[in-house]
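Colleague: What follows is input_23.cif, made up of mmCIF, C-alpha atoms:
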data_entry
#
loop_
_atom_site.label_atom_id
_atom_site.label_comp_id
_atom_site.auth_asym_id
_atom_site.auth_seq_id
_atom_site.Cartn_x
_atom_site.Cartn_y
_atom_site.Cartn_z
CA MET A 1 0.48 -87.05 28.29
CA THR A 2 3.96 -88.53 28.34
CA ALA A 3 5.58 -89.89 31.44
CA PRO A 4 7.81 -86.80 32.01
CA GLY A 5 4.73 -84.56 31.62
CA ARG A 6 2.85 -86.61 34.19
CA LYS A 7 5.78 -86.30 36.59
CA ILE A 8 5.91 -82.50 36.17
CA ALA A 9 2.15 -82.17 36.75
CA GLY A 10 2.35 -84.42 39.79
CA ALA A 11 5.26 -82.39 41.13
CA ASN A 12 3.29 -79.13 40.67
CA ARG A 13 0.27 -80.56 42.49
CA HIS A 14 2.52 -81.83 45.24
CA ARG A 15 4.20 -78.41 45.49
CA ARG A 16 0.82 -76.63 45.74
CA ARG A 17 -0.32 -79.10 48.39
CA ASP A 18 2.87 -78.52 50.34
CA ALA A 19 2.34 -74.73 50.13
CA ALA A 20 -1.23 -75.05 51.43
CA ASP A 21 -0.10 -77.37 54.21
CA ALA A 22 2.65 -74.92 55.17
CA VAL A 23 0.05 -72.28 56.17
CA PRO A 24 -0.90 -72.79 59.82
CA TRP A 25 -4.43 -73.96 60.46
CA SER A 26 -5.19 -71.00 62.73
CA LEU A 27 -4.10 -68.56 60.01
CA ARG A 28 -6.31 -70.27 57.43
CA VAL A 29 -9.29 -70.09 59.78
CA ALA A 30 -8.56 -66.42 60.50
CA ALA A 31 -8.32 -65.64 56.78
CA ALA A 32 -11.57 -67.47 56.03
CA ALA A 33 -13.35 -65.71 58.88
CA SER A 34 -11.87 -62.33 57.85
CA TRP A 35 -13.11 -62.32 54.27
CA ARG A 36 -16.52 -63.56 55.37
CA PHE A 37 -16.64 -60.78 57.99
CA LEU A 38 -15.70 -58.23 55.33
CA VAL A 39 -18.46 -59.52 53.04
CA VAL A 40 -21.05 -59.26 55.82
CA LEU A 41 -19.80 -55.81 56.81
CA THR A 42 -19.96 -54.64 53.19
CA MET A 43 -23.48 -55.99 52.85
CA LEU A 44 -24.58 -54.17 56.02
CA GLY A 45 -22.96 -50.98 54.75
CA VAL A 46 -24.76 -51.25 51.43
CA VAL A 47 -28.07 -51.86 53.20
CA ALA A 48 -27.52 -48.87 55.52
CA TRP A 49 -26.55 -46.64 52.59
CA THR A 50 -29.60 -47.75 50.62
CA LEU A 51 -31.91 -47.08 53.57
CA GLY A 52 -30.37 -43.64 54.03
CA TYR A 53 -30.55 -42.84 50.31
CA LEU A 54 -34.22 -43.86 50.20
CA ALA A 55 -35.02 -42.28 53.58
CA GLN A 56 -38.03 -40.43 52.20
CA VAL A 57 -39.64 -43.83 51.57
CA THR A 58 -38.06 -46.12 54.17
CA VAL A 59 -38.62 -43.76 57.12
CA PRO A 60 -42.41 -43.49 56.57
CA ILE A 61 -42.59 -47.27 56.20
CA GLY A 62 -40.68 -47.73 59.47
CA ILE A 63 -42.90 -45.27 61.34
CA ALA A 64 -46.00 -46.93 59.88
CA LEU A 65 -44.71 -50.28 61.09
CA LEU A 66 -44.25 -48.86 64.60
CA LEU A 67 -47.75 -47.40 64.59
CA SER A 68 -49.20 -50.64 63.26
CA ALA A 69 -47.59 -52.50 66.17
CA LEU A 70 -49.35 -50.04 68.48
CA PHE A 71 -52.78 -50.08 66.77
CA ALA A 72 -52.96 -53.67 65.47
CA PRO A 73 -54.09 -55.19 68.82
CA LEU A 74 -56.96 -52.67 68.93
CA VAL A 75 -57.97 -53.55 65.37
CA GLU A 76 -57.92 -57.29 66.11
CA ARG A 77 -59.97 -56.80 69.27
CA LEU A 78 -62.59 -54.83 67.33
CA VAL A 79 -62.65 -57.54 64.65
CA ARG A 80 -63.26 -60.17 67.35
CA TRP A 81 -66.20 -58.03 68.45
CA HIS A 82 -67.62 -58.51 64.92
CA VAL A 83 -66.66 -55.05 63.72
CA PRO A 84 -65.71 -55.04 60.00
CA ARG A 85 -61.96 -54.80 59.52
CA ALA A 86 -62.23 -51.66 57.39
CA LEU A 87 -64.28 -49.91 60.09
CA ALA A 88 -61.93 -51.18 62.83
CA THR A 89 -58.94 -49.78 60.93
CA LEU A 90 -60.69 -46.45 60.53
CA ILE A 91 -61.57 -46.31 64.23
CA ALA A 92 -57.98 -47.07 65.31
CA ILE A 93 -56.50 -44.42 63.01
CA VAL A 94 -59.08 -41.78 63.99
CA VAL A 95 -58.49 -42.44 67.69
CA GLY A 96 -54.72 -42.21 67.23
CA LEU A 97 -54.93 -38.98 65.22
CA ALA A 98 -57.35 -37.49 67.77
CA VAL A 99 -54.96 -38.23 70.64
CA LEU A 100 -51.97 -36.87 68.71
CA GLY A 101 -53.88 -33.75 67.62
CA GLY A 102 -55.11 -33.14 71.17
CA VAL A 103 -51.60 -33.35 72.59
CA LEU A 104 -50.22 -31.01 69.93
CA ALA A 105 -53.05 -28.51 70.43
CA LEU A 106 -52.51 -28.55 74.19
CA VAL A 107 -48.77 -28.01 73.81
CA ILE A 108 -49.16 -25.19 71.26
CA THR A 109 -51.81 -23.31 73.24
CA THR A 110 -49.86 -23.67 76.49
CA VAL A 111 -46.61 -22.46 74.92
CA THR A 112 -48.36 -19.52 73.27
CA ALA A 113 -50.02 -18.47 76.52
CA SER A 114 -46.81 -18.83 78.58
CA LEU A 115 -44.37 -17.09 76.23
CA PRO A 116 -44.82 -13.51 77.60
CA GLN A 117 -44.32 -14.62 81.22
CA LEU A 118 -41.40 -16.83 80.23
CA GLY A 119 -39.80 -13.98 78.28
CA SER A 120 -39.88 -11.63 81.27
CA GLN A 121 -38.50 -14.37 83.57
CA VAL A 122 -35.75 -15.25 81.11
CA GLY A 123 -34.79 -11.57 80.77
CA ALA A 124 -34.56 -11.11 84.55
CA SER A 125 -32.61 -14.34 84.98
CA LEU A 126 -30.15 -13.43 82.23
CA ALA A 127 -29.63 -10.04 83.86
CA ARG A 128 -28.86 -11.71 87.20
CA ILE A 129 -26.49 -14.23 85.58
CA ASN A 130 -24.78 -11.46 83.61
CA ASN A 131 -24.38 -9.36 86.78
CA TRP A 132 -22.93 -12.34 88.65
CA LEU A 133 -20.48 -13.10 85.85
CA GLN A 134 -19.27 -9.50 85.69
CA HIS A 135 -19.12 -8.63 89.41
CA GLY A 136 -18.84 -12.08 90.96
CA PRO A 137 -15.74 -14.19 91.59
CA LEU A 138 -15.16 -14.82 87.87
CA HIS A 139 -14.90 -11.12 86.86
CA LEU A 140 -15.85 -11.55 83.20
CA PRO A 141 -16.72 -8.06 81.93
CA GLN A 142 -16.57 -9.15 78.32
CA VAL A 143 -19.76 -11.21 78.64
CA GLN A 144 -21.97 -8.20 77.87
CA GLN A 145 -19.84 -7.40 74.84
CA LEU A 146 -20.28 -10.96 73.55
CA LEU A 147 -24.04 -10.73 74.04
CA ASP A 148 -24.22 -7.40 72.21
CA LYS A 149 -22.13 -8.79 69.37
CA ALA A 150 -24.43 -11.82 69.07
CA VAL A 151 -27.50 -9.58 68.93
CA ASN A 152 -25.92 -7.36 66.27
CA THR A 153 -24.91 -10.43 64.25
CA ILE A 154 -28.46 -11.76 64.29
CA GLN A 155 -29.90 -8.40 63.32
CA GLY A 156 -27.38 -7.98 60.50
CA ASN A 157 -28.08 -11.36 58.89
CA THR A 158 -31.70 -10.75 57.97
CA ALA A 159 -31.27 -12.14 54.45
CA GLU A 160 -29.70 -15.34 55.76
CA LEU A 161 -32.47 -15.77 58.31
CA THR A 162 -35.07 -15.26 55.56
CA SER A 163 -33.46 -17.97 53.41
CA ARG A 164 -33.42 -20.30 56.38
CA VAL A 165 -37.12 -19.66 56.95
CA LEU A 166 -37.83 -20.49 53.32
CA SER A 167 -35.76 -23.69 53.54
CA THR A 168 -37.63 -24.55 56.73
CA ALA A 169 -40.91 -24.10 54.86
CA ALA A 170 -39.69 -26.49 52.17
CA THR A 171 -38.69 -28.94 54.89
CA VAL A 172 -42.17 -28.69 56.40
CA GLY A 173 -43.63 -29.50 52.98
CA GLY A 174 -41.45 -32.61 52.75
CA VAL A 175 -42.44 -33.65 56.28
CA LEU A 176 -46.14 -33.31 55.40
CA THR A 177 -45.61 -35.48 52.32
CA GLU A 178 -43.89 -38.15 54.41
CA MET A 179 -46.71 -37.97 56.96
CA LEU A 180 -49.28 -38.63 54.25
CA LEU A 181 -47.21 -41.57 52.98
CA THR A 182 -46.97 -42.91 56.54
CA LEU A 183 -50.75 -42.69 56.94
CA PHE A 184 -51.31 -44.42 53.59
CA VAL A 185 -48.94 -47.28 54.43
CA LEU A 186 -50.41 -47.58 57.95
CA VAL A 187 -53.90 -48.10 56.53
CA PHE A 188 -52.74 -51.06 54.46
CA PHE A 189 -50.65 -52.51 57.28
CA LEU A 190 -53.67 -52.50 59.60
CA TYR A 191 -56.20 -53.61 57.02
CA SER A 192 -54.26 -56.26 55.12
CA GLY A 193 -51.01 -56.82 57.00
CA ASN A 194 -51.30 -60.62 56.78
CA GLN A 195 -51.65 -60.49 53.00
CA VAL A 196 -48.61 -58.20 52.72
CA TRP A 197 -46.55 -60.58 54.88
CA ARG A 198 -47.64 -63.66 52.88
CA PHE A 199 -46.71 -61.86 49.67
CA LEU A 200 -43.22 -61.12 51.02
CA LEU A 201 -42.81 -64.75 52.05
CA ARG A 202 -43.13 -65.83 48.41
CA ILE A 203 -39.57 -64.72 47.69
CA VAL A 204 -38.27 -67.09 50.40
CA PRO A 205 -37.40 -70.68 49.35
CA ALA A 206 -40.14 -73.13 50.26
CA SER A 207 -37.75 -75.28 52.33
CA SER A 208 -37.15 -72.47 54.84
CA ARG A 209 -40.40 -70.55 54.52
CA ASP A 210 -41.84 -71.76 57.82
CA GLU A 211 -38.71 -70.81 59.77
CA ILE A 212 -38.70 -67.32 58.22
CA ASP A 213 -42.42 -67.00 58.93
CA VAL A 214 -41.92 -67.89 62.59
CA ALA A 215 -38.95 -65.51 62.86
CA GLY A 216 -40.97 -62.68 61.33
CA ARG A 217 -43.89 -63.31 63.66
CA ARG A 218 -41.57 -63.32 66.68
CA GLY A 219 -39.95 -60.12 65.44
CA PHE A 220 -43.30 -58.34 65.15
CA ALA A 221 -44.32 -59.65 68.58
CA SER A 222 -41.14 -58.08 70.00
CA LEU A 223 -42.06 -54.84 68.23
CA VAL A 224 -45.53 -54.92 69.84
CA SER A 225 -43.91 -55.51 73.23
CA TYR A 226 -41.41 -52.71 72.68
CA VAL A 227 -44.03 -50.16 71.59
CA ARG A 228 -46.35 -50.97 74.49
CA ALA A 229 -43.57 -50.77 77.06
CA THR A 230 -42.14 -47.58 75.56
CA VAL A 231 -45.52 -45.84 75.62
CA ALA A 232 -46.03 -46.89 79.25
CA VAL A 233 -42.53 -45.75 80.26
CA ALA A 234 -42.96 -42.46 78.37
CA CYS A 235 -46.27 -41.79 80.16
CA VAL A 236 -44.70 -42.44 83.57
CA ASP A 237 -41.71 -40.22 82.75
CA ALA A 238 -43.88 -37.39 81.47
CA VAL A 239 -46.32 -37.51 84.39
CA CYS A 240 -43.68 -37.77 87.14
CA ILE A 241 -41.23 -35.22 85.75
CA GLY A 242 -44.02 -32.89 84.63
CA LEU A 243 -45.58 -33.03 88.09
CA GLY A 244 -42.21 -32.28 89.69
CA ILE A 245 -41.63 -29.33 87.33
CA TRP A 246 -45.12 -27.98 88.07
CA LEU A 247 -44.65 -28.26 91.85
CA VAL A 248 -41.33 -26.40 91.65
CA GLY A 249 -43.06 -23.62 89.71
CA VAL A 250 -41.15 -23.87 86.45
CA PRO A 251 -43.09 -22.38 83.51
CA LEU A 252 -44.10 -24.48 80.50
CA ALA A 253 -44.63 -27.59 82.64
CA VAL A 254 -47.10 -29.14 80.18
CA PRO A 255 -44.95 -28.61 77.04
CA LEU A 256 -41.91 -29.91 78.89
CA ALA A 257 -43.85 -33.00 79.95
CA ALA A 258 -44.90 -33.54 76.32
CA LEU A 259 -41.27 -33.11 75.22
CA ILE A 260 -40.17 -35.68 77.80
CA PHE A 261 -42.87 -38.07 76.55
CA ILE A 262 -41.57 -37.76 72.98
CA GLY A 263 -37.93 -38.05 74.05
CA ALA A 264 -38.64 -41.28 75.92
CA PHE A 265 -39.06 -43.04 72.56
CA VAL A 266 -35.29 -42.64 72.04
CA PRO A 267 -33.83 -44.72 74.89
CA ILE A 268 -31.05 -43.27 77.06
CA LEU A 269 -30.19 -40.28 74.84
CA GLY A 270 -33.76 -38.98 74.61
CA ALA A 271 -34.18 -38.91 78.38
CA VAL A 272 -30.83 -37.17 78.83
CA VAL A 273 -31.55 -34.47 76.25
CA THR A 274 -35.13 -33.70 77.34
CA GLY A 275 -34.12 -33.77 81.01
CA ALA A 276 -31.31 -31.31 80.26
CA VAL A 277 -33.80 -28.99 78.53
CA ALA A 278 -36.08 -29.08 81.59
CA VAL A 279 -33.17 -28.34 83.94
CA LEU A 280 -31.96 -25.49 81.71
CA ILE A 281 -35.39 -23.84 81.61
CA ALA A 282 -35.68 -24.21 85.39
CA LEU A 283 -32.24 -22.60 85.76
CA VAL A 284 -33.03 -19.67 83.50
CA ALA A 285 -36.57 -19.08 84.79
CA ASN A 286 -36.31 -19.93 88.52
CA GLY A 287 -32.65 -20.02 89.49
CA PHE A 288 -30.14 -22.56 90.76
CA VAL A 289 -32.24 -24.04 93.57
CA ALA A 290 -35.16 -24.88 91.27
CA ALA A 291 -32.76 -26.30 88.68
CA GLY A 292 -31.19 -28.55 91.33
CA ILE A 293 -34.61 -29.83 92.41
CA VAL A 294 -35.63 -30.52 88.80
CA LEU A 295 -32.32 -32.30 88.20
CA ALA A 296 -32.92 -34.50 91.24
CA VAL A 297 -36.44 -35.33 90.01
CA VAL A 298 -35.16 -36.20 86.52
CA VAL A 299 -32.39 -38.43 87.91
CA ALA A 300 -34.82 -40.21 90.27
CA VAL A 301 -37.31 -40.89 87.46
CA MET A 302 -34.55 -42.12 85.15
CA GLN A 303 -33.38 -44.54 87.84
CA LEU A 304 -36.96 -45.77 88.29
CA GLU A 305 -37.23 -46.26 84.53
CA SER A 306 -33.95 -48.14 84.07
CA HIS A 307 -34.18 -50.40 87.16
CA VAL A 308 -37.92 -51.04 87.51
CA LEU A 309 -40.07 -50.06 84.55
CA GLN A 310 -38.05 -51.26 81.58
CA PRO A 311 -37.01 -54.65 83.05
CA PHE A 312 -40.57 -55.28 84.26
CA LEU A 313 -42.35 -54.18 81.10
CA LEU A 314 -39.91 -55.24 78.40
CA GLY A 315 -38.69 -58.45 80.04
CA ARG A 316 -36.11 -60.73 78.51
CA ALA A 317 -37.67 -60.70 75.04
CA VAL A 318 -36.66 -57.15 74.11
CA ARG A 319 -33.94 -56.36 76.66
CA LEU A 320 -30.88 -55.00 74.90
CA HIS A 321 -27.42 -54.20 76.21
CA PRO A 322 -26.90 -50.45 76.78
CA LEU A 323 -23.84 -50.48 74.52
CA ALA A 324 -25.91 -51.95 71.69
CA VAL A 325 -28.59 -49.30 72.29
CA VAL A 326 -26.12 -46.39 72.21
CA LEU A 327 -24.28 -47.69 69.13
CA GLY A 328 -27.59 -48.37 67.36
CA ILE A 329 -28.82 -44.85 68.09
CA ALA A 330 -25.52 -43.39 66.86
CA LEU A 331 -25.78 -45.34 63.60
CA GLY A 332 -29.42 -44.31 63.24
CA LEU A 333 -28.46 -40.65 63.66
CA GLU A 334 -25.77 -41.05 61.02
CA VAL A 335 -28.09 -42.76 58.51
CA ALA A 336 -31.39 -40.92 58.95
CA GLY A 337 -31.02 -38.23 61.60
CA ILE A 338 -33.46 -37.98 64.50
CA VAL A 339 -35.91 -40.40 62.89
CA GLY A 340 -33.10 -42.91 62.49
CA ALA A 341 -32.36 -42.64 66.20
CA LEU A 342 -36.06 -43.22 66.87
CA LEU A 343 -36.15 -46.36 64.71
CA ALA A 344 -32.75 -47.81 65.66
CA VAL A 345 -33.77 -49.55 68.90
CA PRO A 346 -36.99 -51.09 67.47
CA ILE A 347 -34.93 -52.47 64.58
CA LEU A 348 -32.47 -53.98 67.05
CA ALA A 349 -35.33 -55.51 69.07
CA VAL A 350 -36.91 -57.07 65.97
CA ALA A 351 -33.53 -58.35 64.76
CA LYS A 352 -32.77 -59.90 68.14
CA ALA A 353 -36.08 -61.76 68.27
CA ALA A 354 -35.95 -62.84 64.60
CA PHE A 355 -32.35 -64.08 64.59
CA GLY A 356 -32.84 -65.71 67.98
CA SER A 357 -35.76 -67.63 66.51
CA LEU A 358 -33.71 -68.75 63.51
CA LEU A 359 -30.83 -69.90 65.73
CA ARG A 360 -32.67 -71.56 68.62
CA ASP A 361 -36.22 -72.45 67.59
CA PRO A 362 -37.19 -75.89 66.30
CA ARG A 363 -39.42 -76.33 63.28
CA LEU A 364 -42.68 -74.81 64.53
CA ASP A 365 -45.99 -74.25 62.86
CA PRO A 366 -46.31 -70.51 62.12
CA VAL A 367 -50.00 -70.67 62.98
CA ASP A 368 -49.05 -71.36 66.61
CA ILE A 369 -47.18 -68.01 66.85
CA ASP A 370 -49.49 -65.03 67.37
CA PRO A 371 -47.49 -61.90 66.39
CA LEU A 372 -49.74 -59.68 68.52
CA LEU A 373 -48.85 -61.43 71.79
CA PRO A 374 -45.65 -60.01 73.32
CA ALA A 375 -44.99 -63.36 75.04
CA ASN A 376 -44.42 -64.94 71.61
CA ALA A 377 -41.38 -62.72 71.08
CA ARG A 378 -39.37 -65.09 73.28
CA THR A 379 -37.67 -67.95 71.58
CA ALA A 380 -38.22 -71.46 72.83
CA GLY A 381 -36.03 -72.55 75.72
CA ARG A 382 -34.15 -75.82 75.77
CA SER A 383 -36.87 -77.75 77.55
CA ARG A 384 -39.51 -76.33 75.27
CA VAL A 385 -37.38 -77.09 72.22
CA SER A 386 -36.99 -80.72 73.26
CA ALA A 387 -40.70 -81.03 74.01
CA VAL A 388 -41.63 -79.57 70.64
CA ARG A 389 -39.14 -81.80 68.89
CA ARG A 390 -40.62 -84.84 70.62
CA ARG A 391 -44.10 -83.81 69.48
CA VAL A 392 -42.89 -83.23 65.92
CA THR A 393 -41.11 -86.61 65.90
CA ALA A 394 -44.20 -88.38 67.25
CA ARG A 395 -46.37 -86.68 64.63
CA ARG A 396 -44.01 -87.77 61.84
CA ARG A 397 -43.93 -91.32 63.22
CA ASP A 398 -47.74 -91.45 63.27
CA SER A 399 -47.93 -90.18 59.71
CA ASP A 400 -45.33 -92.77 58.59
CA ASP A 401 -47.36 -95.54 60.30
CA GLU A 402 -50.50 -94.39 58.49
CA LEU A 403 -48.66 -94.50 55.17
CA ASP A 404 -47.36 -97.99 55.91
CA HIS A 405 -50.87 -99.24 56.66
#
Hey, can you dump this file as structure tokens for me?
Modeller:
Amino acid sequence: MTAPGRKIAGANRHRRRDAADAVPWSLRVAAAASWRFLVVLTMLGVVAWTLGYLAQVTVPIGIALLLSALFAPLVERLVRWHVPRALATLIAIVVGLAVLGGVLALVITTVTASLPQLGSQVGASLARINNWLQHGPLHLPQVQQLLDKAVNTIQGNTAELTSRVLSTAATVGGVLTEMLLTLFVLVFFLYSGNQVWRFLLRIVPASSRDEIDVAGRRGFASLVSYVRATVAVACVDAVCIGLGIWLVGVPLAVPLAALIFIGAFVPILGAVVTGAVAVLIALVANGFVAAGIVLAVVVAVMQLESHVLQPFLLGRAVRLHPLAVVLGIALGLEVAGIVGALLAVPILAVAKAAFGSLLRDPRLDPVDIDPLLPANARTAGRSRVSAVRRRVTARRRDSDDELDH
């Protein structure tokens, strides 16, 4: 290159360097952070879309993972008692299905036996409410006309109702298929969960395999802690609120208690919805006074749950901010409906424990982390980190001395 050409090239490089230097440092940092944030957000969106698109497969796997966190300690205890793992897995699944089937049978028989009495009570209560709305201070005579129009609309749309019943039957078929897939995956998670986890670790680079292994073990330990605490909280909610409903004399106390137990697995929103259903049935069946008493019982139990049970049972390992819980449930509803809301908080708990381990834990031996102990969901504190680092450094120094000798 000739001398003038070198001067032009140098001038261009100098001009580009001046242009880069002219951009403020804060703006460059903001731009770099912005495109990285957009990349991460796009990746999360793609993952959420993929999970929603494959919901018929991902949802059964998620439910099986939850159930494995509940049944795995029982399987390991049976194995320590010299029970073969295959037999221990079978016992855990049979016990779980027996409990679930017993609860469903109790709810169905109770609802079937209470429907005639509830129907007469609902009819009388609706007549009283209708009379109060028409002749009370509101003076709404058109309420009866609206009710008659609604009844006529329902009776006139028989074909539409029939098609909805058929679509419901197809939905039930899909649910049964997903239940069988959940049971199949659960068997393998309980019987050979360690082998499945080691197989998944093969895709991780060897240099960071131990850190990922520790993070995964801590995440599953947080899932075990979450499932145990949620089952305990759900039992307390169902027993206390169900007992209050039964003492007030509200019909369907047992099915309502079972509904409250199921709703407790969706934090915050589940308790609100199931409590509102209990209050509404008390209002329709027993009047305003009974509804007020049931509302007071529901509020008292919810306060006990949020201020005593959850902090005591979940502890710091799985405690999540209420805003994160509500936003997670909303995203779960958007991606996978009710099941997504059910799985949203466990996913957040696992992510919190796993990412906390990656950010704060030292290099630990995965064998030292038992994923079935809820205490192992907590990441190492600063003092523990320094102690572990000192032990690791001493171990490396001893090995170096042995190599030197």
Colleague: Given the file shown, determine the residues that the PyMOL selection byres ((chain A and resi 181-194) around 12) selects; report them as a VMD selection string.
Modeller: chain A and resid 56 to 76 79 84 to 94 96 to 97 174 to 180 195 to 201 213 216 to 217 220 367 370 to 372
Colleague: Please evaluate the PyMOL selection byres ((chain A and resi 242) around 9) against the displayed coordinates and give the resulting residues as number ranges by chain.
Modeller: A: 237-241, 243-247, 253-258, 260
Colleague: For the structure provided, state which residues fall under the PyMOL selection byres ((chain A and resi 282) around 12), and present them as a count of residues only.
Modeller: 35
Colleague: Hey, can you check how far atom CA of Leu358 of chain A sits from atom CA of Ala215 of chain A?
Modeller: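 Here the two named atoms are 6.2 Å from each other.
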Colleague: As an exercise, work out the distance from atom CA of Thr230 of chain A to atom CA of Ile108 of chain A in Å and give it to one decimal place.
Modeller: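 Distance reported for this atom pair: 23.9 Å.
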Colleague: Give the answer as one residue: which of A:Leu343, A:Leu373, A:Val335, A:Ala229 has the shortest atom-to-atom distance to Trp49 of chain A, using all atoms listed in the file?
Modeller: A:Val335
Colleague: Could you check the closest approach to Ser225 of chain A for each of A:Trp81, A:Tyr53, A:Phe312, A:Phe355 and tell me which residue wins, using all atoms listed in the file?
Modeller: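 Between A:Trp81, A:Tyr53, A:Phe312, A:Phe355, the residue approaching Ser225 of chain A most closely is A:Phe312.
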Colleague: Could you please determine the separation between atom CA of Pro374 of chain A and atom CA of Gly263 of chain A in Å, to one decimal place?
Modeller: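 Interatomic distance here is 23.3 Å.
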Colleague: Which residue, A:Leu331, A:Pro322, A:Leu223, A:Val298, has the smallest gap to Leu44 of chain A when you use all atoms listed in the file?
Modeller: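 Closest residue, counting all atoms listed in the file: A:Leu331.
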Colleague: Calculate, to one decimal in Å, the centre and edge lengths of the box along x, y and z of the file that holds all listed atoms of segment 357-366 of chain A with 6 Å of margin on each side, and present them as lines of an AutoDock Vina configuration file.
Modeller:
center_x = -38.6
center_y = -72.0
center_z = 65.4
size_x = 27.5
size_y = 20.7
size_z = 18.5
Colleague: Considering all atoms listed in the file, state which residue in the set A:Ala234, A:Ile268, A:Ile212, A:Met302 is at the smallest distance from Ile329 of chain A.
Modeller: A:Ile268
Colleague: As a PDB file, in the coordinates of the input, could you write out segment 20-37 of chain A once it has been completed with N, CA and C atoms?
Modeller:
ATOM      1  N   ALA A  20      -0.008 -75.196  50.644  1.00  0.00           N
ATOM      2  CA  ALA A  20      -1.230 -75.050  51.430  1.00  0.00           C
ATOM      3  C   ALA A  20      -1.046 -75.628  52.829  1.00  0.00           C
ATOM      4  N   ASP A  21      -0.329 -76.770  52.901  1.00  0.00           N
ATOM      5  CA  ASP A  21      -0.100 -77.370  54.210  1.00  0.00           C
ATOM      6  C   ASP A  21       0.865 -76.542  55.064  1.00  0.00           C
ATOM      7  N   ALA A  22       1.684 -75.726  54.417  1.00  0.00           N
ATOM      8  CA  ALA A  22       2.650 -74.920  55.170  1.00  0.00           C
ATOM      9  C   ALA A  22       1.973 -73.780  55.920  1.00  0.00           C
ATOM     10  N   VAL A  23       0.758 -73.358  55.466  1.00  0.00           N
ATOM     11  CA  VAL A  23       0.050 -72.280  56.170  1.00  0.00           C
ATOM     12  C   VAL A  23      -0.573 -72.858  57.431  1.00  0.00           C
ATOM     13  N   PRO A  24      -0.338 -72.251  58.572  1.00  0.00           N
ATOM     14  CA  PRO A  24      -0.900 -72.790  59.820  1.00  0.00           C
ATOM     15  C   PRO A  24      -2.438 -72.812  59.771  1.00  0.00           C
ATOM     16  N   TRP A  25      -2.977 -73.797  60.453  1.00  0.00           N
ATOM     17  CA  TRP A  25      -4.430 -73.960  60.460  1.00  0.00           C
ATOM     18  C   TRP A  25      -5.127 -72.736  61.060  1.00  0.00           C
ATOM     19  N   SER A  26      -4.585 -72.181  62.115  1.00  0.00           N
ATOM     20  CA  SER A  26      -5.190 -71.000  62.730  1.00  0.00           C
ATOM     21  C   SER A  26      -5.208 -69.811  61.774  1.00  0.00           C
ATOM     22  N   LEU A  27      -4.148 -69.658  60.966  1.00  0.00           N
ATOM     23  CA  LEU A  27      -4.100 -68.560  60.010  1.00  0.00           C
ATOM     24  C   LEU A  27      -5.127 -68.764  58.902  1.00  0.00           C
ATOM     25  N   ARG A  28      -5.296 -70.007  58.458  1.00  0.00           N
ATOM     26  CA  ARG A  28      -6.310 -70.270  57.430  1.00  0.00           C
ATOM     27  C   ARG A  28      -7.718 -69.992  57.944  1.00  0.00           C
ATOM     28  N   VAL A  29      -7.982 -70.377  59.200  1.00  0.00           N
ATOM     29  CA  VAL A  29      -9.290 -70.090  59.780  1.00  0.00           C
ATOM     30  C   VAL A  29      -9.498 -68.588  59.928  1.00  0.00           C
ATOM     31  N   ALA A  30      -8.448 -67.875  60.354  1.00  0.00           N
ATOM     32  CA  ALA A  30      -8.560 -66.420  60.500  1.00  0.00           C
ATOM     33  C   ALA A  30      -8.813 -65.751  59.153  1.00  0.00           C
ATOM     34  N   ALA A  31      -8.123 -66.224  58.103  1.00  0.00           N
ATOM     35  CA  ALA A  31      -8.320 -65.640  56.780  1.00  0.00           C
ATOM     36  C   ALA A  31      -9.743 -65.909  56.270  1.00  0.00           C
ATOM     37  N   ALA A  32     -10.213 -67.150  56.468  1.00  0.00           N
ATOM     38  CA  ALA A  32     -11.570 -67.470  56.030  1.00  0.00           C
ATOM     39  C   ALA A  32     -12.613 -66.651  56.790  1.00  0.00           C
ATOM     40  N   ALA A  33     -12.409 -66.515  58.102  1.00  0.00           N
ATOM     41  CA  ALA A  33     -13.350 -65.710  58.880  1.00  0.00           C
ATOM     42  C   ALA A  33     -13.262 -64.231  58.508  1.00  0.00           C
ATOM     43  N   SER A  34     -12.053 -63.751  58.159  1.00  0.00           N
ATOM     44  CA  SER A  34     -11.870 -62.330  57.850  1.00  0.00           C
ATOM     45  C   SER A  34     -12.601 -61.942  56.574  1.00  0.00           C
ATOM     46  N   TRP A  35     -12.450 -62.740  55.496  1.00  0.00           N
ATOM     47  CA  TRP A  35     -13.110 -62.320  54.270  1.00  0.00           C
ATOM     48  C   TRP A  35     -14.615 -62.487  54.371  1.00  0.00           C
ATOM     49  N   ARG A  36     -15.080 -63.462  55.158  1.00  0.00           N
ATOM     50  CA  ARG A  36     -16.520 -63.560  55.370  1.00  0.00           C
ATOM     51  C   ARG A  36     -17.041 -62.370  56.178  1.00  0.00           C
ATOM     52  N   PHE A  37     -16.251 -61.959  57.199  1.00  0.00           N
ATOM     53  CA  PHE A  37     -16.640 -60.780  57.990  1.00  0.00           C
ATOM     54  C   PHE A  37     -16.680 -59.534  57.116  1.00  0.00           C
TER      55      PHE A  37
END
